[in-house]
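Asks: The structure file structure-v1.pdb (PDB, C-alpha atoms) is provided below.
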```pdb
ATOM      1  CA  GLU J 500     103.142  86.245  90.360
ATOM      2  CA  LYS J 501     105.387  88.383  92.581
ATOM      3  CA  MET J 502     103.604  87.042  95.676
ATOM      4  CA  TRP J 503     104.255  83.406  94.696
ATOM      5  CA  SER J 504     107.909  84.063  93.883
ATOM      6  CA  THR J 505     108.306  85.698  97.305
ATOM      7  CA  ILE J 506     106.638  82.734  99.016
ATOM      8  CA  ARG J 507     108.874  80.336  97.066
ATOM      9  CA  ARG J 508     111.955  82.311  98.182
ATOM     10  CA  ASP J 509     110.741  82.266 101.787
ATOM     11  CA  PHE J 510     110.523  78.503 101.906
ATOM     12  CA  GLN J 511     113.179  77.595  99.331
ATOM     13  CA  LYS J 512     111.555  74.274  98.470
ATOM     14  CA  GLU J 513     111.697  72.888  94.982
ATOM     15  CA  ASN J 514     108.443  70.976  94.910
ATOM     16  CA  LEU J 515     104.881  71.766  95.858
ATOM     17  CA  MET J 516     104.487  68.747  98.161
ATOM     18  CA  SER J 517     107.296  69.764 100.533
ATOM     19  CA  PHE J 518     105.968  73.350 100.586
ATOM     20  CA  CYS J 519     102.473  72.101 101.490
ATOM     21  CA  LEU J 520     103.814  69.818 104.222
ATOM     22  CA  LYS J 521     105.835  72.646 105.747
ATOM     23  CA  TYR J 522     102.922  75.078 105.446
ATOM     24  CA  LEU J 523     100.441  72.680 107.014
ATOM     25  CA  SER J 524     102.763  71.708 109.855
ATOM     26  CA  SER J 525     103.719  75.153 111.175
ATOM     27  CA  LYS J 526     101.504  77.992 112.367
ATOM     28  CA  GLY J 527     104.480  80.354 112.016
ATOM     29  CA  ASN J 528     104.794  79.529 108.317
ATOM     30  CA  GLN J 529     101.028  79.863 107.908
ATOM     31  CA  ALA J 530     101.225  83.363 109.404
ATOM     32  CA  VAL J 531     103.957  84.338 106.926
ATOM     33  CA  VAL J 532     102.074  82.968 103.901
ATOM     34  CA  LEU J 533      98.812  84.625 104.961
ATOM     35  CA  TYR J 534     100.693  87.916 105.488
ATOM     36  CA  ARG J 535     102.155  87.636 101.951
ATOM     37  CA  ILE J 536      98.654  87.132 100.509
ATOM     38  CA  SER J 537      97.213  89.995 102.560
ATOM     39  CA  SER J 538     100.098  92.291 101.594
ATOM     40  CA  CYS J 539      99.680  91.475  97.903
ATOM     41  CA  LEU J 540      95.973  92.300  98.084
ATOM     42  CA  TYR J 541      96.764  95.523  99.963
ATOM     43  CA  GLN J 542      99.296  96.615  97.328
ATOM     44  CA  LYS J 543      96.718  95.989  94.597
ATOM     45  CA  LYS J 544      94.302  98.269  96.516
ATOM     46  CA  PHE J 545      91.936  95.438  97.565
ATOM     47  CA  PHE J 546      91.879  96.831 101.098
ATOM     48  CA  VAL J 547      88.782  94.989 102.323
ATOM     49  CA  LEU J 548      90.026  91.600 101.082
ATOM     50  CA  ALA J 549      93.440  92.291 102.581
ATOM     51  CA  LYS J 550      91.816  93.032 105.948
ATOM     52  CA  ILE J 551      89.718  89.839 105.716
ATOM     53  CA  VAL J 552      92.824  87.708 105.089
ATOM     54  CA  LYS J 553      94.658  89.497 107.926
ATOM     55  CA  ASN J 554      91.788  88.874 110.331
ATOM     56  CA  TYR J 555      91.635  85.215 109.281
ATOM     57  CA  SER J 556      95.363  84.965 109.949
ATOM     58  CA  ILE J 557      94.917  86.429 113.439
ATOM     59  CA  LYS J 558      92.221  83.874 114.220
ATOM     60  CA  LYS J 559      94.113  80.950 112.658
ATOM     61  CA  THR J 560      97.660  81.675 113.882
ATOM     62  CA  GLY J 561      97.459  84.260 116.671
ATOM     63  CA  ALA J 562      99.808  86.629 114.829
ATOM     64  CA  ASP J 563      98.657  90.139 113.895
ATOM     65  CA  ILE J 564     100.830  91.217 110.971
ATOM     66  CA  GLY J 565      99.715  94.468 109.350
ATOM     67  CA  GLU J 566      98.996  94.149 105.657
ATOM     68  CA  GLY J 567     100.879  97.408 105.014
ATOM     69  CA  ALA J 568     104.094  96.161 106.630
ATOM     70  CA  VAL J 569     107.085  95.634 104.328
ATOM     71  CA  ILE J 570     108.800  92.358 105.166
ATOM     72  CA  GLY J 571     111.857  90.954 103.416
ATOM     73  CA  LYS J 572     112.424  87.327 102.501
ATOM     74  CA  ASN J 573     112.978  84.460 104.938
ATOM     75  CA  LEU J 574     110.937  85.728 107.873
ATOM     76  CA  SER J 575     110.748  82.912 110.433
ATOM     77  CA  ILE J 576     108.233  82.828 113.243
ATOM     78  CA  GLY J 577     108.860  80.261 115.958
ATOM     79  CA  HIS J 578     105.571  80.558 117.813
ATOM     80  CA  PRO J 579     103.162  83.114 116.298
ATOM     81  CA  VAL J 580     100.770  83.601 119.218
ATOM     82  CA  GLY J 581     100.873  87.190 120.461
ATOM     83  CA  ILE J 582     103.067  88.554 117.685
ATOM     84  CA  VAL J 583     102.068  92.046 116.554
ATOM     85  CA  ILE J 584     103.755  93.734 113.600
ATOM     86  CA  GLY J 585     102.301  97.153 112.798
ATOM     87  CA  GLY J 586     101.380  98.163 109.278
ATOM     88  CA  ASP J 587     104.132 100.785 109.091
ATOM     89  CA  VAL J 588     107.002  98.439 110.022
ATOM     90  CA  ILE J 589     109.826  97.676 107.598
ATOM     91  CA  LEU J 590     111.567  94.350 108.305
ATOM     92  CA  GLY J 591     114.702  93.266 106.504
ATOM     93  CA  GLU J 592     115.656  89.737 105.483
ATOM     94  CA  ASN J 593     116.327  86.595 107.536
ATOM     95  CA  ASN J 594     114.637  87.769 110.739
ATOM     96  CA  PHE J 595     113.379  85.404 113.459
ATOM     97  CA  LEU J 596     110.573  86.154 115.925
ATOM     98  CA  LEU J 597     109.326  84.189 118.910
ATOM     99  CA  SER J 598     105.957  84.512 120.645
ATOM    100  CA  GLY J 599     104.751  87.794 122.084
ATOM    101  CA  VAL J 600     107.008  90.072 120.025
ATOM    102  CA  VAL J 601     105.492  93.512 119.408
ATOM    103  CA  LEU J 602     106.807  95.859 116.724
ATOM    104  CA  GLY J 603     104.670  98.964 116.897
ATOM    105  CA  ALA J 604     104.780 102.723 117.064
ATOM    106  CA  THR J 605     103.245 104.934 119.695
ATOM    107  CA  SER J 606     100.639 107.393 118.519
ATOM    108  CA  ASN J 607     102.825 110.359 119.489
ATOM    109  CA  SER J 608     106.085 109.146 117.903
ATOM    110  CA  LYS J 609     108.112 111.764 116.050
ATOM    111  CA  GLY J 610     108.672 111.165 112.358
ATOM    112  CA  GLY J 611     105.586 109.043 111.840
ATOM    113  CA  GLY J 612     106.569 106.281 114.230
ATOM    114  CA  LYS J 613     108.102 103.983 111.637
ATOM    115  CA  ILE J 614     110.128 101.015 112.855
ATOM    116  CA  VAL J 615     112.912  99.916 110.507
ATOM    117  CA  VAL J 616     114.616  96.595 111.206
ATOM    118  CA  GLY J 617     117.746  95.429 109.402
ATOM    119  CA  ASP J 618     118.729  91.922 108.327
ATOM    120  CA  ASN J 619     119.489  88.880 110.509
ATOM    121  CA  VAL J 620     117.727  90.100 113.651
ATOM    122  CA  TYR J 621     116.601  87.711 116.389
ATOM    123  CA  PHE J 622     113.700  88.743 118.643
ATOM    124  CA  GLY J 623     113.303  86.763 121.875
ATOM    125  CA  SER J 624     109.914  85.985 123.411
ATOM    126  CA  GLY J 625     108.008  89.023 124.593
ATOM    127  CA  ALA J 626     110.383  91.603 123.116
ATOM    128  CA  LYS J 627     108.751  95.004 122.604
ATOM    129  CA  ILE J 628     110.010  97.525 120.060
ATOM    130  CA  ILE J 629     108.069 100.736 120.559
ATOM    131  CA  GLY J 630     108.371 104.115 118.839
ATOM    132  CA  ASN J 631     110.272 105.589 115.935
ATOM    133  CA  ILE J 632     113.180 103.137 116.049
ATOM    134  CA  LYS J 633     115.877 101.801 113.742
ATOM    135  CA  ILE J 634     117.414  98.414 114.491
ATOM    136  CA  GLY J 635     120.635  97.533 112.711
ATOM    137  CA  ASN J 636     121.827  94.299 111.109
ATOM    138  CA  ASN J 637     122.902  91.173 113.029
ATOM    139  CA  VAL J 638     121.170  92.213 116.249
ATOM    140  CA  ASN J 639     119.863  90.031 119.071
ATOM    141  CA  ILE J 640     116.945  91.348 121.125
ATOM    142  CA  GLY J 641     116.561  89.379 124.351
ATOM    143  CA  ALA J 642     113.376  87.953 125.809
ATOM    144  CA  ASN J 643     111.087  90.616 127.326
ATOM    145  CA  ALA J 644     113.441  93.437 126.347
ATOM    146  CA  VAL J 645     111.782  96.818 125.821
ATOM    147  CA  VAL J 646     113.616  98.738 123.095
ATOM    148  CA  ILE J 647     112.930 102.480 123.088
ATOM    149  CA  LYS J 648     116.004 103.814 121.239
ATOM    150  CA  ASP J 649     117.902 102.932 118.070
ATOM    151  CA  VAL J 650     120.046  99.789 118.144
ATOM    152  CA  PRO J 651     123.363  99.743 116.219
ATOM    153  CA  ASP J 652     124.599  96.855 114.066
ATOM    154  CA  ASN J 653     125.935  93.730 115.830
ATOM    155  CA  ALA J 654     124.371  94.611 119.196
ATOM    156  CA  THR J 655     122.740  92.436 121.828
ATOM    157  CA  CYS J 656     119.967  94.284 123.613
ATOM    158  CA  VAL J 657     118.430  92.979 126.868
ATOM    159  CA  GLY J 658     116.406  94.301 129.795
ATOM    160  CA  VAL J 659     113.907  97.051 130.548
ATOM    161  CA  PRO J 660     114.739  99.500 129.129
ATOM    162  CA  GLY J 661     116.871  97.616 126.626
ATOM    163  CA  ARG J 662     120.619  97.873 127.162
ATOM    164  CA  ASN J 663     123.316  96.986 124.646
ATOM    165  CA  ILE J 664     125.457  94.476 126.546
ATOM    166  CA  ILE J 665     128.022  94.344 123.724
ATOM    167  CA  ASN J 666     128.704  98.084 123.914
ATOM    168  CA  GLU J 667     129.136  98.912 127.641
ATOM    169  CA  GLY J 668     125.442  99.011 128.581
ATOM    170  CA  ASN J 669     124.282 101.915 126.416
ATOM    171  CA  VAL J 670     120.499 102.168 126.436
ATOM    172  CA  CYS J 671     118.841 100.893 123.298
TER     173      CYS J 671
END
```
What is this structure when it is put down as structure tokens?
Replies:
Amino acid sequence: EKMWSTIRRDFQKENLMSFCLKYLSSKGNQAVVLYRISSCLYQKKFFVLAKIVKNYSIKKTGADIGEGAVIGKNLSIGHPVGIVIGGDVILGENNFLLSGVVLGATSNSKGGGKIVVGDNVYFGSGAKIIGNIKIGNNVNIGANAVVIKDVPDNATCVGVPGRNIINEGNVC
């Protein structure tokens, strides 16, 4: 029941027909719904079924979203191909991802390598968030940016390595 209420909140449609039309017409929405199902199975300790749904989602949509990831409501995926969200990522609400975004920890990250993303974050195509990182609220990550350090609230981070262009070019 919790899974369906989360899916209903994600799509905010009142009737089943409009939900089905939106689901069938967008691979990004399909990736989100399949993640929600996989995550629900994972939380209920059906690990093998969760992995099967995740693998089906990868094949169907091109997005690899870890079943152990914690993702808030209203995740939007513009183009899911190449998206990787690790199983230890925590995403806030109202986030938007484009193709090729990678949210993952390195194997030698301090503190377990957990990535925590706030609310209302935009990830441009090809953005890479690597390591034990915290991204604040209302942040824009530019296309192909490589973020290796924490990003404060209300920042715009671009380049390799990512630089906060709102706050005098501090590395993020």
Asks: Applying the PyMOL selection byres ((chain J and resi 634-642) around 10) to the file I just gave you, which residues come out? Please list them as a PyMOL selection string.
Replies: chain J and resi 590-600+614-628+632-633+643-646+648-658+661-663+671
Asks: Could you work out how far atom CA of J:Lys613 lies from atom CA of J:Lys559, giving the answer in Å with one decimal?
Replies: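 The value is 27.0 Å.
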Asks: My list of candidates is J:Thr560, J:Ser575, J:Phe545, J:Gly567. Which is closest to J:Gln529 when distances are computed with all atoms listed in the file?
Replies: J:Thr560
Asks: Have a look at J:Leu602, J:Ala530, J:Leu520, J:Ile665 and name the one nearest to J:Ser556; count all atoms listed in the file.
Replies: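 Among the listed residues, J:Ala530 lies closest to J:Ser556.
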Asks: Please report the interatomic distance between atom CA of J:Gly630 and atom CA of J:Val583 in Å with one decimal.
Replies: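 One can read the atom CA of J:Gly630 to atom CA of J:Val583 distance as 13.8 Å.
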Asks: For J:Ile557, which residue among J:Leu533, J:Val659, J:Ile629, J:Val569 is the nearest when counting all atoms listed in the file?
Replies: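 Result for the nearest residue to J:Ile557: J:Leu533.
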Asks: Determine the nearest neighbour of J:Asn573 from the options J:Ser538, J:Asn554, J:Asn528, J:Asn631, counting only C-alpha atoms.
Replies: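 Of J:Ser538, J:Asn554, J:Asn528, J:Asn631, the one nearest J:Asn573, counting only C-alpha atoms, is J:Asn528.
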Asks: Considering only C-alpha atoms, can you say which of J:Glu566, J:Leu574, J:Val588, J:Pro660 comes closest to J:Lys544?
Replies: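 Under the stated criterion, the closest residue is J:Glu566.
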Asks: Between J:Lys550, J:Met516, J:Gly527, J:Ser537, which has the minimum distance to J:Gly581 (counting only C-alpha atoms)?
Replies: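 Closest candidate: J:Gly527.
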Asks: Just the number, please: distance in Å from atom CA of J:Lys543 to atom CA of J:Val601, one decimal.
Replies: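 These two atoms are separated by 26.4 Å.
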